[in-house]
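Participant: Data file data01.cif (mmCIF, C-alpha atoms and all ligand atoms) is appended below.
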data_model
loop_
_atom_site.label_atom_id
_atom_site.label_comp_id
_atom_site.auth_asym_id
_atom_site.auth_seq_id
_atom_site.Cartn_x
_atom_site.Cartn_y
_atom_site.Cartn_z
CA MET E 1 99.08 74.73 128.06
CA LEU E 2 98.24 71.50 126.24
CA THR E 3 101.30 69.76 124.78
CA ILE E 4 101.35 69.10 121.06
CA ARG E 5 101.53 65.40 121.80
CA ALA E 6 98.43 65.54 124.03
CA MET E 7 96.60 67.42 121.30
CA ALA E 8 97.63 64.86 118.70
CA ALA E 9 96.50 62.03 120.97
CA MET E 10 92.96 63.45 120.95
CA GLY E 11 92.63 62.48 117.30
CA PRO E 12 94.24 63.14 113.94
CA TRP E 13 94.38 66.81 112.99
CA ILE E 14 94.24 68.14 109.48
CA LEU E 15 95.24 71.57 108.23
CA THR E 16 92.12 72.93 106.54
CA HIS E 17 93.62 76.22 105.43
CA ILE E 18 95.88 79.09 106.46
CA ASP E 19 94.55 82.54 107.25
CA VAL E 20 96.94 85.38 106.54
CA LEU E 21 96.33 88.22 108.97
CA ARG E 22 96.81 91.83 107.96
CA ARG E 23 99.06 92.47 110.92
CA ARG E 24 101.04 90.20 113.19
CA GLY E 25 99.46 90.16 116.62
CA ASP E 26 95.83 90.61 115.60
CA GLU E 27 95.32 87.11 116.94
CA GLN E 28 97.16 84.74 119.27
CA CYS E 29 97.90 81.04 118.95
CA GLN E 30 95.21 79.09 120.78
CA ARG E 31 97.84 76.73 122.13
CA CYS E 32 100.90 78.78 123.09
CA GLY E 33 99.63 82.35 122.88
CA GLU E 34 102.26 83.61 120.43
CA ASN E 35 101.27 86.52 118.19
CA LEU E 36 100.18 85.27 114.81
CA ARG E 37 100.60 86.40 111.25
CA TYR E 38 99.80 83.05 109.60
CA VAL E 39 96.97 81.18 111.28
CA TRP E 40 97.04 77.42 110.80
CA VAL E 41 93.41 76.36 111.01
CA MET E 42 93.56 72.78 112.27
CA GLU E 43 90.57 70.48 112.47
CA LYS E 44 90.39 67.44 114.73
CA GLN E 45 88.96 64.54 112.80
CA THR E 46 87.36 62.66 115.70
CA GLU E 47 84.09 63.51 117.47
CA PRO E 48 83.49 65.99 118.91
CA LYS E 49 84.99 67.90 115.96
CA GLU E 50 87.14 70.81 117.04
CA VAL E 51 88.81 73.62 115.16
CA TRP E 52 91.88 75.28 116.62
CA ARG E 53 93.59 78.37 115.26
CA ILE E 54 97.29 78.07 115.96
CA GLY E 55 100.58 79.52 114.82
CA SER E 56 103.10 78.58 112.17
CA THR E 57 105.29 77.09 114.89
CA CYS E 58 102.66 74.91 116.55
CA GLY E 59 100.81 74.16 113.30
CA PRO E 60 103.50 72.23 111.42
CA THR E 61 104.52 70.40 114.59
CA LEU E 62 100.96 69.34 115.33
CA GLU E 63 100.50 68.19 111.77
CA LEU E 64 103.72 66.22 111.90
CA VAL E 65 103.09 64.58 115.27
CA SER E 66 99.49 63.86 114.35
CA GLU E 67 100.60 62.30 111.09
CA GLU E 68 103.20 60.14 112.84
CA MET E 69 100.72 59.04 115.47
CA TRP E 70 97.76 58.31 113.19
CA ASN E 71 99.14 57.66 109.77
CA LYS E 72 99.39 53.95 110.33
CA LEU E 73 95.68 53.75 111.11
CA ILE E 74 94.15 56.02 108.50
CA LYS E 75 95.42 57.88 105.51
CA PRO E 76 93.48 61.06 104.83
CA PHE E 77 96.56 63.27 105.01
CA THR E 78 97.90 65.58 102.40
CA THR E 79 101.52 66.62 102.51
CA SER E 80 101.09 70.34 102.75
CA ILE E 81 103.69 70.72 105.45
CA ASP E 82 106.89 70.38 103.39
CA LEU E 83 105.64 72.81 100.79
CA LEU E 84 104.73 75.38 103.40
CA LEU E 85 108.10 75.07 105.08
CA ASP E 86 109.83 75.57 101.73
CA LEU E 87 107.69 78.66 101.19
CA GLU E 88 108.72 79.95 104.62
CA HIS E 89 112.37 79.68 103.50
CA LEU E 90 111.67 81.41 100.22
CA ALA E 91 109.73 84.26 101.83
CA LYS E 92 112.57 84.76 104.31
CA TRP E 93 115.25 84.74 101.60
CA GLU E 94 113.25 87.19 99.48
CA LEU E 95 113.27 89.53 102.44
CA GLU E 96 116.90 89.06 103.44
CA TYR E 97 118.59 88.49 100.09
CA PRO E 98 116.51 90.16 97.37
CA ALA E 99 119.68 90.79 95.36
CA LEU E 100 120.34 87.07 95.08
CA LEU E 101 117.06 86.18 93.37
CA PRO E 102 117.58 83.31 90.97
CA ARG E 103 116.77 83.90 87.33
CA SER E 104 113.05 83.72 86.53
CA TYR E 105 112.14 84.33 90.16
CA GLU E 106 109.93 87.29 91.02
CA LEU E 107 109.88 88.93 94.42
CA GLY E 108 106.63 88.05 96.16
CA TRP E 109 106.37 84.65 94.51
CA ALA E 110 106.41 82.71 97.78
CA GLU E 111 103.62 84.83 99.23
CA LYS E 112 101.50 84.25 96.15
CA GLN E 113 101.90 80.48 96.37
CA ARG E 114 101.13 80.59 100.06
CA ALA E 115 97.86 82.38 99.28
CA ILE E 116 97.00 79.73 96.69
CA ILE E 117 97.53 76.96 99.22
CA ALA E 118 95.68 78.93 101.87
CA ALA E 119 92.67 79.29 99.61
CA GLY E 120 92.46 75.50 99.46
CA ASP E 121 90.50 73.74 96.70
CA LEU E 122 93.59 72.33 95.00
CA THR E 123 93.20 68.92 93.43
CA ALA E 124 95.81 66.30 94.23
CA HIS E 125 97.30 66.85 90.78
CA GLN E 126 97.46 70.64 91.15
CA ARG E 127 99.07 70.20 94.55
CA MET E 128 101.67 67.94 93.01
CA VAL E 129 102.46 70.42 90.23
CA LEU E 130 102.66 73.29 92.69
CA GLY E 131 104.91 71.19 94.90
CA HIS E 132 107.22 70.59 91.97
CA HIS E 133 107.50 74.34 91.28
CA ILE E 134 108.06 75.20 94.93
CA ARG E 135 110.80 72.63 95.34
CA ALA E 136 112.51 73.75 92.12
CA LYS E 137 112.49 77.42 93.20
CA GLU E 138 113.70 76.55 96.68
CA LYS E 139 116.57 74.63 95.18
CA ALA E 140 117.47 77.46 92.78
CA TYR E 141 117.45 80.06 95.54
CA ARG E 142 119.47 77.83 97.87
CA LEU E 143 122.03 77.39 95.10
CA SER E 144 122.22 81.13 94.52
CA LEU E 145 122.78 81.76 98.23
CA ARG E 146 125.47 79.11 98.36
CA ARG E 147 127.24 80.59 95.33
CA HIS E 148 127.19 83.97 96.96
CA ALA E 149 128.56 82.59 100.21
CA ALA E 150 131.35 80.83 98.33
CA GLY E 151 132.27 83.85 96.21
ZN ZN V 201 101.47 78.18 119.20
#
Can the structure from this file be put into structure tokens for me?
Ligand SMILES: [Zn+2]
Facilitator:
Amino acid sequence: MLTIRAMAAMGPWILTHIDVLRRRGDEQCQRCGENLRYVWVMEKQTEPKEVWRIGSTCGPTLELVSEEMWNKLIKPFTTSIDLLLDLEHLAKWELEYPALLPRSYELGWAEKQRAIIAAGDLTAHQRMVLGHHIRAKEKAYRLSLRRHAAG
């Protein structure tokens, strides 16, 4: 199995989009073989171009390592990773603590935003606005969980 670092050394990788599979396990991560639900479609930016379909464990790590390794040389990166990680938290909390939803938060919101990001085509401005909403909701939910834990 190729290490993430070795993959990143081959060239900078960019997340092109995320495929949401109908069922976990319909496809395996091309790097580590884990069963996938969210497929991070990563494209290597150097020739020969390559597209790898990997998991939501390998994907963020590859993006991060690639960004660290290459960011000083070129700057085509978008910061999708933080937003997606926040959405992972939110989706998990929705599942585990639906009773602690913050005000003005609808169940299923995280999944909807994930689909919007997955569809791609967001302008830099739209991405920024979406990022603002995601961070605000993550903060609100975190606060609600903390209040519950304290009380
Ligand atoms: Zn993997």
Participant: So what do you get for atom CA of His125 of chain E versus atom CA of Ser144 of chain E, distance-wise?
Facilitator: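 Atom-to-atom, atom CA of His125 of chain E and atom CA of Ser144 of chain E are spaced 29.0 Å apart.
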Participant: Using all atoms listed in the file, what table do you get, as a tab-separated table, when you list each residue of chain E with an atom no more than 8 Å from ligand ZN 201 (chain V), its nearest pair of atoms, and their distance in Å rounded to one decimal, rows by chain then rising number?
Facilitator:
residue	atom	partner	partner_atom	distance
E:Gln28	CA	V:ZN201	ZN	7.8
E:Cys29	CA	V:ZN201	ZN	4.6
E:Gln30	CA	V:ZN201	ZN	6.5
E:Arg31	CA	V:ZN201	ZN	4.9
E:Cys32	CA	V:ZN201	ZN	4.0
E:Gly33	CA	V:ZN201	ZN	5.9
E:Glu34	CA	V:ZN201	ZN	5.6
E:Ile54	CA	V:ZN201	ZN	5.3
E:Gly55	CA	V:ZN201	ZN	4.7
E:Ser56	CA	V:ZN201	ZN	7.2
E:Thr57	CA	V:ZN201	ZN	5.9
E:Cys58	CA	V:ZN201	ZN	4.4
E:Gly59	CA	V:ZN201	ZN	7.2
Participant: Using Å and a single decimal, report how far atom CA of Gly11 of chain E sits from atom CA of Thr46 of chain E.
Facilitator: 5.5 Å
Participant: Would you mind telling me which residue in E:Arg53, E:Pro48, E:His132, E:Arg5 lies nearest to Asn35 of chain E when using only C-alpha atoms?
Facilitator: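 Looking at the shortest contact to Asn35 of chain E, the residue is E:Arg53.
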Participant: Excluding same-chain residues fewer than 2 positions from Ile14 of chain E, what lies within 8 Å of it counting only C-alpha atoms, as a VMD selection string?
Facilitator: chain E and resid 12 16 42 to 45 63 77
Participant: Which residues are close to Arg23 of chain E, i.e. within 10 Å by only C-alpha atoms, leaving aside same-chain residues fewer than 5 positions away? Reply as a ChimeraX atom specification.
Facilitator: /E:35-38
Participant: Between E:Val65, E:Leu15, E:Leu83, E:Leu2, single out the one closest to Ala136 of chain E, counting only C-alpha atoms.
Facilitator: E:Leu83
Participant: Mind checking which residues fall within 10 Å of segment 111-124 of chain E, counting all atoms listed in the file, ignoring those fewer than 5 positions away in the same chain, and posting them as a list in words?
Facilitator: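 The neighbour list is Leu15, Thr16, His17, Ile18, Asp19, Val20, Tyr38, Val39, Trp40, Val41, Thr78, Ser80, Leu83, Leu84, Leu87, Glu88, Leu90, Ala91, Glu94, Val129, Leu130, Gly131, His133 and Ile134 of chain E.
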Participant: Work out how far atom CA of Leu101 of chain E is from atom CA of Pro60 of chain E, in Å to one decimal.
Facilitator: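 It comes out at 26.5 Å.
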Participant: Measuring atom to atom with all atoms listed in the file, identify which of E:Trp70, E:Trp52, E:Trp13, E:Trp109 is nearest to Lys92 of chain E.
Facilitator: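 Smallest separation from Lys92 of chain E among the options: E:Trp109.
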